[in-house]
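Source file: entry14.txt (compact mmCIF, C-alpha atoms)
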```txt
# COMPACT_ATOMS: atom_id res chain seq x y z
CA MET A 1071 -9.03 -8.12 20.47
CA THR A 1072 -6.92 -10.86 18.84
CA ARG A 1073 -8.53 -11.53 15.46
CA LEU A 1074 -6.04 -13.64 13.48
CA PHE A 1075 -5.67 -17.18 14.76
CA ASN A 1076 -6.47 -20.77 13.81
CA ASP A 1077 -7.08 -23.14 16.70
CA PRO A 1078 -6.77 -21.00 19.86
CA ALA A 1079 -5.04 -23.93 21.60
CA ALA A 1080 -2.30 -23.84 18.95
CA PHE A 1081 -1.86 -20.07 18.95
CA ALA A 1082 1.29 -19.88 21.10
CA ASP A 1083 3.08 -22.67 19.21
CA GLU A 1084 2.17 -21.23 15.81
CA ALA A 1085 3.22 -17.73 16.85
CA LEU A 1086 6.60 -19.03 18.02
CA GLU A 1087 7.04 -21.02 14.79
CA GLY A 1088 6.35 -17.93 12.71
CA PHE A 1089 8.61 -15.77 14.86
CA ALA A 1090 11.53 -18.18 14.44
CA ALA A 1091 10.95 -18.42 10.68
CA ALA A 1092 10.97 -14.62 10.39
CA HIS A 1093 14.13 -14.10 12.46
CA ARG A 1094 16.60 -16.80 11.44
CA ARG A 1095 19.44 -14.28 11.54
CA TRP A 1096 19.05 -14.15 15.33
CA VAL A 1097 17.35 -17.34 16.56
CA ARG A 1098 16.72 -21.00 15.91
CA PRO A 1099 13.89 -23.05 17.38
CA VAL A 1100 14.48 -25.78 19.94
CA THR A 1101 12.05 -27.79 22.00
CA GLY A 1102 10.39 -25.35 24.39
CA GLY A 1103 11.43 -22.07 22.80
CA VAL A 1104 14.32 -20.48 20.91
CA VAL A 1105 18.06 -19.96 21.36
CA ARG A 1106 20.56 -17.77 19.55
CA ALA A 1107 21.24 -18.79 15.96
CA ALA A 1108 24.92 -19.18 16.87
CA ALA A 1109 25.81 -21.31 19.87
CA THR A 1110 26.85 -19.69 23.13
CA PRO A 1111 30.61 -19.10 23.02
CA ALA A 1112 32.54 -21.69 25.01
CA GLY A 1113 33.02 -20.56 28.58
CA GLN A 1114 30.31 -17.88 28.52
CA VAL A 1115 27.43 -18.00 31.00
CA ALA A 1116 24.11 -18.53 29.20
CA VAL A 1117 21.29 -16.22 30.26
CA VAL A 1118 17.96 -17.96 29.59
CA VAL A 1119 14.78 -15.94 30.06
CA GLY A 1120 11.18 -16.96 29.77
CA GLY A 1121 7.52 -16.77 30.59
CA GLY A 1122 4.15 -17.04 28.94
CA SER A 1123 3.24 -16.05 25.41
CA GLY A 1124 1.26 -12.87 24.83
CA HIS A 1125 3.92 -10.38 25.96
CA TYR A 1126 6.00 -9.91 22.79
CA PRO A 1127 8.74 -8.78 22.49
CA ALA A 1128 9.17 -10.52 25.82
CA PHE A 1129 10.48 -13.12 25.81
CA SER A 1130 11.56 -14.59 22.48
CA GLY A 1131 12.20 -11.18 20.90
CA LEU A 1132 14.99 -10.53 23.41
CA VAL A 1133 17.21 -13.42 22.28
CA GLY A 1134 20.40 -12.36 20.54
CA ARG A 1135 23.93 -11.12 21.11
CA GLY A 1136 24.15 -8.75 24.06
CA LEU A 1137 20.92 -10.02 25.56
CA ALA A 1138 19.42 -13.46 26.21
CA HIS A 1139 21.00 -16.66 24.96
CA GLY A 1140 17.63 -18.41 24.93
CA ALA A 1141 13.96 -18.01 25.81
CA ALA A 1142 11.56 -20.64 27.11
CA VAL A 1143 8.05 -19.84 25.94
CA GLY A 1144 4.87 -21.09 27.59
CA ASN A 1145 1.25 -21.01 26.50
CA VAL A 1146 -0.69 -17.75 26.50
CA PHE A 1147 -0.17 -16.07 29.89
CA ALA A 1148 1.10 -19.37 31.36
CA SER A 1149 4.52 -20.39 32.57
CA PRO A 1150 6.62 -22.69 30.40
CA SER A 1151 6.97 -26.12 31.94
CA ALA A 1152 10.13 -27.28 33.66
CA ARG A 1153 10.62 -29.61 30.70
CA GLN A 1154 10.55 -26.72 28.22
CA ILE A 1155 12.92 -24.59 30.30
CA HIS A 1156 15.32 -27.49 30.79
CA SER A 1157 15.38 -28.13 27.05
CA VAL A 1158 16.10 -24.51 26.14
CA ALA A 1159 18.76 -24.18 28.83
CA ARG A 1160 20.59 -27.30 27.64
CA ALA A 1161 20.59 -25.98 24.09
CA ALA A 1162 21.90 -22.59 25.22
CA HIS A 1163 24.53 -23.90 27.62
CA GLY A 1164 28.07 -22.96 26.63
CA GLY A 1165 29.94 -24.75 29.40
CA ALA A 1166 29.95 -22.02 32.06
CA GLY A 1167 26.53 -22.52 33.61
CA VAL A 1168 23.10 -21.03 33.10
CA LEU A 1169 21.25 -18.15 34.75
CA LEU A 1170 17.47 -18.62 34.47
CA MET A 1171 15.55 -15.31 34.61
CA TYR A 1172 11.81 -14.65 34.68
CA GLY A 1173 9.09 -12.46 36.16
CA ASN A 1174 8.02 -13.16 39.71
CA TYR A 1175 4.91 -15.32 39.21
CA ALA A 1176 4.17 -18.53 41.10
CA GLY A 1177 4.18 -20.80 38.04
CA ASP A 1178 7.46 -19.37 36.78
CA VAL A 1179 9.11 -19.60 40.20
CA LEU A 1180 8.08 -23.25 40.47
CA HIS A 1181 9.00 -24.38 36.97
CA PHE A 1182 12.27 -22.48 36.59
CA GLY A 1183 13.30 -23.81 39.98
CA GLN A 1184 12.50 -27.37 38.89
CA ALA A 1185 14.43 -26.82 35.66
CA ALA A 1186 17.47 -25.64 37.65
CA GLU A 1187 17.32 -28.85 39.66
CA ARG A 1188 17.22 -30.93 36.48
CA LEU A 1189 20.16 -29.02 35.05
CA ALA A 1190 22.12 -29.66 38.22
CA ALA A 1191 21.34 -33.38 37.88
CA ASP A 1192 22.81 -33.16 34.37
CA GLY A 1193 26.00 -31.65 35.77
CA ILE A 1194 25.13 -28.11 34.55
CA GLU A 1195 25.49 -25.37 37.13
CA ALA A 1196 22.33 -23.25 37.20
CA ARG A 1197 21.00 -20.29 39.18
CA THR A 1198 17.61 -18.58 39.11
CA PHE A 1199 16.50 -14.97 39.45
CA ALA A 1200 12.96 -13.56 39.55
CA VAL A 1201 12.42 -9.92 38.56
CA ALA A 1202 10.03 -8.20 40.99
CA ASP A 1203 9.65 -4.57 39.91
CA ASP A 1204 5.90 -3.78 40.09
CA ILE A 1205 5.52 -1.53 43.12
CA SER A 1206 1.71 -1.71 43.03
CA SER A 1207 1.64 -5.45 43.76
CA ALA A 1208 3.20 -5.35 47.25
CA GLY A 1209 4.65 -2.81 49.66
CA PRO A 1210 8.35 -2.05 50.15
CA ASP A 1211 8.46 -4.37 53.18
CA GLU A 1212 7.24 -7.25 50.98
CA SER A 1213 9.15 -6.46 47.80
CA ALA A 1214 9.95 -10.14 47.22
CA LYS A 1215 6.24 -10.69 46.53
CA ARG A 1216 6.09 -8.13 43.74
CA ARG A 1217 5.28 -9.05 40.14
CA GLY A 1218 7.76 -8.74 37.33
CA ILE A 1219 6.64 -6.49 34.48
CA ALA A 1220 8.60 -4.16 32.15
CA GLY A 1221 11.52 -4.12 34.59
CA ASP A 1222 12.38 -7.49 33.06
CA LEU A 1223 14.23 -5.72 30.24
CA PRO A 1224 16.85 -3.70 32.19
CA VAL A 1225 17.47 -6.55 34.61
CA PHE A 1226 17.80 -9.16 31.85
CA LYS A 1227 20.07 -6.82 29.92
CA ALA A 1228 22.37 -6.11 32.85
CA ALA A 1229 22.91 -9.81 33.50
CA ALA A 1230 23.35 -10.64 29.82
CA ALA A 1231 25.85 -7.85 29.26
CA ALA A 1232 27.84 -9.10 32.25
CA ALA A 1233 27.79 -12.60 30.77
CA GLU A 1234 29.05 -11.22 27.44
CA GLN A 1235 32.00 -9.75 29.34
CA GLY A 1236 32.98 -13.25 30.47
CA LEU A 1237 32.01 -12.97 34.13
CA PRO A 1238 31.45 -16.25 36.00
CA LEU A 1239 27.94 -17.36 36.94
CA GLY A 1240 28.06 -16.08 40.51
CA GLU A 1241 29.06 -12.60 39.35
CA VAL A 1242 26.36 -12.54 36.64
CA LEU A 1243 23.80 -13.42 39.30
CA ARG A 1244 25.06 -10.63 41.56
CA VAL A 1245 24.67 -8.15 38.70
CA ALA A 1246 21.06 -9.32 38.23
CA GLU A 1247 20.41 -8.89 41.93
CA ARG A 1248 21.87 -5.37 41.89
CA ALA A 1249 19.81 -4.36 38.85
CA GLY A 1250 16.67 -5.90 40.31
CA ALA A 1251 17.10 -4.09 43.60
CA ARG A 1252 17.31 -0.77 41.75
CA THR A 1253 14.37 -1.24 39.36
CA ARG A 1254 10.81 -0.03 39.95
CA SER A 1255 7.74 -0.03 37.66
CA PHE A 1256 4.17 1.26 37.83
CA GLY A 1257 1.36 0.98 35.28
CA ILE A 1258 -2.13 2.11 34.32
CA ALA A 1259 -4.68 0.69 31.86
CA PHE A 1260 -7.80 1.89 30.09
CA SER A 1261 -9.13 -1.46 28.85
CA GLY A 1262 -8.38 -5.15 29.20
CA CYS A 1263 -7.04 -7.63 26.66
CA THR A 1264 -8.95 -10.36 24.82
CA LEU A 1265 -7.16 -13.67 24.31
CA PRO A 1266 -7.34 -15.73 21.11
CA GLY A 1267 -10.74 -17.42 20.85
CA ALA A 1268 -12.27 -15.48 23.75
CA ASP A 1269 -15.40 -13.40 23.20
CA HIS A 1270 -14.79 -10.97 26.05
CA PRO A 1271 -11.76 -9.27 27.67
CA LEU A 1272 -10.08 -10.55 30.82
CA PHE A 1273 -11.26 -7.44 32.61
CA THR A 1274 -13.07 -4.22 31.82
CA VAL A 1275 -12.58 -0.63 32.88
CA PRO A 1276 -15.61 1.69 33.17
CA GLU A 1277 -16.00 4.42 30.58
CA ALA A 1278 -13.87 7.51 31.28
CA ARG A 1279 -11.93 5.65 34.01
CA MET A 1280 -8.53 3.98 34.26
CA ALA A 1281 -7.27 1.06 36.32
CA VAL A 1282 -4.24 1.98 38.42
CA GLY A 1283 -1.41 -0.38 39.25
CA LEU A 1284 -2.77 -3.51 37.60
CA GLY A 1285 -0.59 -6.37 36.34
CA ILE A 1286 0.13 -7.35 32.75
CA HIS A 1287 -2.50 -10.09 32.83
CA GLY A 1288 -5.18 -7.89 34.35
CA GLU A 1289 -4.38 -8.75 37.96
CA PRO A 1290 -6.06 -6.34 40.37
CA GLY A 1291 -4.27 -3.09 41.03
CA ILE A 1292 -4.80 -0.48 43.69
CA GLY A 1293 -7.99 1.07 42.32
CA GLU A 1294 -9.55 3.23 39.64
CA GLU A 1295 -9.30 6.90 38.84
CA ALA A 1296 -10.77 9.29 36.33
CA LEU A 1297 -9.31 9.08 32.83
CA PRO A 1298 -6.36 11.50 32.76
CA THR A 1299 -4.84 13.70 30.13
CA ALA A 1300 -1.44 12.57 28.84
CA ASP A 1301 0.34 15.02 31.15
CA GLU A 1302 -1.72 13.90 34.14
CA ALA A 1303 -0.87 10.26 33.38
CA ALA A 1304 2.82 11.14 33.18
CA ARG A 1305 2.66 12.96 36.49
CA LEU A 1306 0.96 10.01 38.21
CA LEU A 1307 3.56 7.57 36.90
CA VAL A 1308 6.58 9.73 37.77
CA GLU A 1309 5.40 10.89 41.18
CA THR A 1310 4.44 7.36 42.22
CA LEU A 1311 7.86 5.97 41.32
CA LEU A 1312 9.75 8.84 42.92
CA GLU A 1313 7.98 8.10 46.22
CA GLU A 1314 9.93 4.85 46.53
CA LEU A 1315 13.67 4.95 45.94
CA PRO A 1316 16.24 2.18 46.46
CA GLU A 1317 17.66 2.03 49.97
CA ASP A 1318 20.99 3.50 48.90
CA VAL A 1319 19.42 6.43 46.97
CA ALA A 1320 18.64 9.33 49.31
CA ALA A 1321 16.94 11.60 46.78
CA PRO A 1322 16.30 11.73 43.02
CA ALA A 1323 18.41 14.84 42.48
CA GLY A 1324 21.81 14.02 41.01
CA GLN A 1325 20.88 10.42 40.18
CA ARG A 1326 21.00 8.68 36.80
CA ALA A 1327 18.20 6.41 35.62
CA ALA A 1328 17.41 4.13 32.73
CA VAL A 1329 13.83 5.06 31.79
CA ILE A 1330 11.33 2.84 29.97
CA LEU A 1331 7.88 4.07 28.94
CA ASN A 1332 6.20 0.84 27.89
CA GLY A 1333 3.07 0.40 25.80
CA LEU A 1334 0.98 -2.59 26.83
CA GLY A 1335 -0.40 -3.42 23.39
CA SER A 1336 -2.77 -0.90 21.82
CA VAL A 1337 -1.47 2.51 22.87
CA LYS A 1338 0.08 4.00 19.73
CA TYR A 1339 3.68 5.18 19.62
CA GLU A 1340 2.62 8.79 19.04
CA GLU A 1341 0.56 8.65 22.25
CA LEU A 1342 3.57 7.27 24.11
CA PHE A 1343 5.72 10.13 22.84
CA VAL A 1344 3.15 12.67 24.09
CA VAL A 1345 3.34 11.06 27.54
CA TYR A 1346 7.13 10.76 27.45
CA ARG A 1347 7.65 14.48 26.78
CA GLU A 1348 6.12 15.17 30.19
CA VAL A 1349 7.87 12.21 31.85
CA ALA A 1350 11.22 13.60 30.69
CA ALA A 1351 10.33 17.11 31.87
CA LEU A 1352 9.22 15.92 35.31
CA LEU A 1353 12.30 13.77 35.85
CA GLY A 1354 14.44 16.69 34.75
CA GLU A 1355 12.72 18.95 37.28
CA ALA A 1356 13.49 16.34 39.95
CA GLY A 1357 17.18 16.44 39.02
CA VAL A 1358 17.30 12.98 37.41
CA GLU A 1359 19.66 12.42 34.49
CA ILE A 1360 17.95 10.12 31.96
CA VAL A 1361 20.26 7.56 30.34
CA ASP A 1362 19.34 5.93 27.01
CA PRO A 1363 15.54 6.04 27.43
CA GLU A 1364 13.30 3.51 25.70
CA VAL A 1365 9.79 4.43 24.51
CA GLY A 1366 7.77 1.69 22.86
CA GLU A 1367 6.40 -1.81 23.33
CA LEU A 1368 8.82 -3.85 25.46
CA VAL A 1369 6.51 -6.05 27.56
CA THR A 1370 2.97 -6.17 26.22
CA SER A 1371 -0.31 -7.84 27.10
CA PHE A 1372 -1.93 -8.62 23.74
CA ASP A 1373 -4.26 -5.68 23.00
CA MET A 1374 -4.41 -4.15 26.47
CA ALA A 1375 -4.69 -0.36 26.35
CA GLY A 1376 -2.28 0.95 28.93
CA VAL A 1377 1.24 2.10 29.75
CA SER A 1378 3.84 1.49 32.42
CA LEU A 1379 6.87 3.45 33.50
CA THR A 1380 10.08 1.77 34.67
CA LEU A 1381 13.05 3.43 36.36
CA THR A 1382 16.31 1.61 36.97
CA TRP A 1383 18.52 3.73 39.20
CA LEU A 1384 22.02 3.42 37.79
CA ASP A 1385 25.46 3.34 39.32
CA ASP A 1386 28.59 3.39 37.14
CA ARG A 1387 28.55 -0.37 36.63
CA LEU A 1388 24.85 -0.64 35.83
CA GLU A 1389 25.11 2.29 33.43
CA GLU A 1390 27.93 0.54 31.58
CA LEU A 1391 25.79 -2.59 31.23
CA TRP A 1392 22.66 -0.65 30.23
CA ARG A 1393 24.59 1.16 27.48
CA ALA A 1394 26.26 -2.03 26.22
CA PRO A 1395 25.38 -3.03 22.63
CA ALA A 1396 22.73 -5.62 21.88
CA ASP A 1397 21.31 -7.13 18.70
CA THR A 1398 18.05 -9.06 18.95
CA PRO A 1399 14.92 -9.24 16.80
CA ALA A 1400 13.08 -6.69 18.96
CA TYR A 1401 15.80 -4.76 20.80
CA ARG A 1402 18.96 -3.29 19.33
CA LYS A 1403 21.49 -0.88 20.75
CA GLY A 1404 24.92 0.24 19.58
CA ALA A 1405 27.07 -1.93 17.32
CA LEU A 1406 28.57 -5.34 17.94
CA ALA A 1407 31.67 -6.61 16.16
CA ALA A 1408 30.98 -9.29 13.55
CA PRO A 1409 31.76 -12.79 14.80
CA GLU A 1410 34.76 -14.52 13.28
CA PRO A 1411 33.91 -16.90 10.39
CA ASP A 1412 35.43 -19.83 12.28
CA GLN A 1413 33.23 -19.01 15.23
CA ASP A 1414 30.17 -19.09 12.97
CA ARG A 1415 31.07 -22.55 11.64
CA ALA A 1416 31.83 -23.88 15.10
CA ALA A 1417 28.60 -22.40 16.41
CA SER A 1418 26.54 -24.09 13.71
CA THR A 1419 28.06 -27.47 14.51
CA ALA A 1420 27.73 -26.99 18.25
CA GLY A 1421 24.20 -25.67 17.79
CA ALA A 1422 23.11 -28.79 15.96
CA ARG A 1423 24.56 -30.97 18.71
CA ASP A 1424 22.90 -28.88 21.43
CA THR A 1425 19.53 -29.00 19.71
CA ALA A 1426 19.71 -32.78 19.40
CA ALA A 1427 20.74 -33.10 23.04
CA SER A 1428 17.99 -30.74 24.11
CA ASP A 1429 15.30 -32.61 22.20
CA ALA A 1430 16.50 -35.94 23.54
CA ALA A 1431 16.53 -34.61 27.08
CA ALA A 1432 13.05 -33.16 26.67
CA SER A 1433 11.60 -36.38 25.32
CA GLY A 1434 13.01 -38.31 28.24
CA ALA A 1435 12.09 -35.82 30.95
CA THR A 1436 9.13 -36.19 33.23
CA ALA A 1437 6.55 -33.61 32.21
CA VAL A 1438 5.01 -31.35 34.82
CA PRO A 1439 1.43 -30.11 34.53
CA PRO A 1440 0.94 -26.79 32.79
CA ALA A 1441 0.94 -23.79 35.09
CA SER A 1442 -2.32 -22.17 36.05
CA ASP A 1443 -0.47 -19.05 37.16
CA ALA A 1444 -0.25 -16.09 34.83
CA SER A 1445 3.16 -15.36 33.37
```
Can you dump the structure from the file as structure tokens?
Amino acid sequence: MTRLFNDPAAFADEALEGFAAAHRRWVRPVTGGVVRAAATPAGQVAVVVGGGSGHYPAFSGLVGRGLAHGAAVGNVFASPSARQIHSVARAAHGGAGVLLMYGNYAGDVLHFGQAAERLAADGIEARTFAVADDISSAGPDESAKRRGIAGDLPVFKAAAAAAEQGLPLGEVLRVAERAGARTRSFGIAFSGCTLPGADHPLFTVPEARMAVGLGIHGEPGIGEEALPTADEAARLLVETLLEELPEDVAAPAGQRAAVILNGLGSVKYEELFVVYREVAALLGEAGVEIVDPEVGELVTSFDMAGVSLTLTWLDDRLEELWRAPADTPAYRKGALAAPEPDQDRAASTAGARDTAASDAAASGATAVPPASDAS
């Protein structure tokens, strides 16, 4: 359970304040969230991600070069408001438009959509994209209704890497759509999470049982099963995902995949590695080439005990974007060239202007009620 907090109502704001203070190399705070410490280069599409608190490193930990330009952060498991998203997007905007990205939850869909409308009214071109990778939340014929979970990372990264390459907004959106269409996730949990100030978890799992296919806020899954061994858990995750392939993938054999084994909050890294050894073996037996796997906490749910597996089926373009370097507080890959000193100075000046504009816009915007939907 969450033990260290002051006023539970202030937890999300205080956590974000501390995060920004600890990571000034990468981010600076603005009204509603954080943006990169250096302003978005002129003419580059800004990728702004977001959702509720409680899922670190999503979403603020993914802000930095090679990944998001900004993150709008809501209350615990609640969507940021349209006002917050609008503020962050204005601060991140570099003159080439904004792509707003988030998990597919009703509150996020509503508020990010409203923020896009406000940006358009400001003369800023904006598009939205909801990640919907959780195969347990809806069938293949209703994939648009699926939740977004750990598949956020590869989809966000593909779009952000495309933006770093200087692609226009429409092309960055098409990359996100391609990555989203080729990403699938499935998860299991052994206990629920307890939010700051609460005296009981959001849900419970009977002793020696596991919940199968639940969401990252404890949303109902597809049932319960007996507690597995690590190898049995790996087999369930892999076999479930291999049962549903993208439309243009006939069979796993000969395919390449970005693989993420994600801890939901209290499963230790050593446990994840025990599971991953079997995940890697099973995918190898199926003929899948694993590309730059990630094992660790990427999208969490406070102290939930559980894991999820994500596969993004790669083509040449998506593999290039998945392998592209990134440097954020919580996710780093490869090496990025140091920015030019003049760019740093210009960014600082532009950043100050953007922050002031963002705060002014936020203070004058019409607030929307906080979301009741999980995020």
Range 1220-1231 of chain A surroundings by all atoms listed in the file, 8 Å radius, close-in-sequence under 6 positions cut, as a PDB file with C-alpha atoms, in the coordinates of the input:
```
ATOM      1  CA  ALA A1116      24.110 -18.530  29.200  1.00  0.00           C
ATOM      2  CA  VAL A1117      21.290 -16.220  30.260  1.00  0.00           C
ATOM      3  CA  VAL A1119      14.780 -15.940  30.060  1.00  0.00           C
ATOM      4  CA  GLY A1136      24.150  -8.750  24.060  1.00  0.00           C
ATOM      5  CA  LEU A1137      20.920 -10.020  25.560  1.00  0.00           C
ATOM      6  CA  ALA A1138      19.420 -13.460  26.210  1.00  0.00           C
ATOM      7  CA  MET A1171      15.550 -15.310  34.610  1.00  0.00           C
ATOM      8  CA  TYR A1172      11.810 -14.650  34.680  1.00  0.00           C
ATOM      9  CA  GLY A1173       9.090 -12.460  36.160  1.00  0.00           C
ATOM     10  CA  VAL A1201      12.420  -9.920  38.560  1.00  0.00           C
ATOM     11  CA  ALA A1202      10.030  -8.200  40.990  1.00  0.00           C
ATOM     12  CA  ASP A1203       9.650  -4.570  39.910  1.00  0.00           C
ATOM     13  CA  ASP A1204       5.900  -3.780  40.090  1.00  0.00           C
ATOM     14  CA  VAL A1242      26.360 -12.540  36.640  1.00  0.00           C
ATOM     15  CA  LEU A1243      23.800 -13.420  39.300  1.00  0.00           C
ATOM     16  CA  VAL A1245      24.670  -8.150  38.700  1.00  0.00           C
ATOM     17  CA  ALA A1246      21.060  -9.320  38.230  1.00  0.00           C
ATOM     18  CA  ALA A1249      19.810  -4.360  38.850  1.00  0.00           C
ATOM     19  CA  GLY A1250      16.670  -5.900  40.310  1.00  0.00           C
ATOM     20  CA  THR A1253      14.370  -1.240  39.360  1.00  0.00           C
ATOM     21  CA  ARG A1254      10.810  -0.030  39.950  1.00  0.00           C
ATOM     22  CA  SER A1255       7.740  -0.030  37.660  1.00  0.00           C
ATOM     23  CA  ALA A1328      17.410   4.130  32.730  1.00  0.00           C
ATOM     24  CA  ILE A1330      11.330   2.840  29.970  1.00  0.00           C
ATOM     25  CA  ASN A1332       6.200   0.840  27.890  1.00  0.00           C
ATOM     26  CA  LEU A1368       8.820  -3.850  25.460  1.00  0.00           C
ATOM     27  CA  VAL A1369       6.510  -6.050  27.560  1.00  0.00           C
ATOM     28  CA  SER A1378       3.840   1.490  32.420  1.00  0.00           C
ATOM     29  CA  LEU A1379       6.870   3.450  33.500  1.00  0.00           C
ATOM     30  CA  THR A1380      10.080   1.770  34.670  1.00  0.00           C
ATOM     31  CA  LEU A1381      13.050   3.430  36.360  1.00  0.00           C
ATOM     32  CA  THR A1382      16.310   1.610  36.970  1.00  0.00           C
ATOM     33  CA  LEU A1388      24.850  -0.640  35.830  1.00  0.00           C
ATOM     34  CA  LEU A1391      25.790  -2.590  31.230  1.00  0.00           C
ATOM     35  CA  TRP A1392      22.660  -0.650  30.230  1.00  0.00           C
ATOM     36  CA  ALA A1394      26.260  -2.030  26.220  1.00  0.00           C
TER      37      ALA A1394
END
```
CA of Gly1209 in chain A to CA of Arg1305 in chain A, straight-line distance in Å: 20.6 Å
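The nearest approach to Glu1313 in chain A among the residues A:Pro1395, A:Pro1210, A:Gly1236, A:Pro1271, with only C-alpha atoms taken into account, belongs to A:Pro1210.
Taking all atoms listed in the file into account, the polymer residues that have an atom no farther than 9 Å from (19.5, 16.3, 34.0) are Ala1323, Gly1324, Gln1325, Arg1326, Leu1353, Gly1354, Glu1355, Ala1356, Gly1357, Val1358, Glu1359 and Ile1360 of chain A.
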Output file for the selection above: C-alpha atoms, as a compact mmCIF listing (two decimals), keeping the file's coordinate frame:
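The resulting file, part-v7.txt, is shown below:
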```txt
# COMPACT_ATOMS: atom_id res chain seq x y z
CA ALA A 1323 18.41 14.84 42.48
CA GLY A 1324 21.81 14.02 41.01
CA GLN A 1325 20.88 10.42 40.18
CA ARG A 1326 21.00 8.68 36.80
CA LEU A 1353 12.30 13.77 35.85
CA GLY A 1354 14.44 16.69 34.75
CA GLU A 1355 12.72 18.95 37.28
CA ALA A 1356 13.49 16.34 39.95
CA GLY A 1357 17.18 16.44 39.02
CA VAL A 1358 17.30 12.98 37.41
CA GLU A 1359 19.66 12.42 34.49
CA ILE A 1360 17.95 10.12 31.96
```
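For Pro1111 in chain A, the list of residues within 8 Å, based on only C-alpha atoms and with local chain neighbours fewer than 2 positions off taken out, reads A:Ala1109, A:Gly1113, A:Gln1114, A:Gly1164, A:Ala1417.
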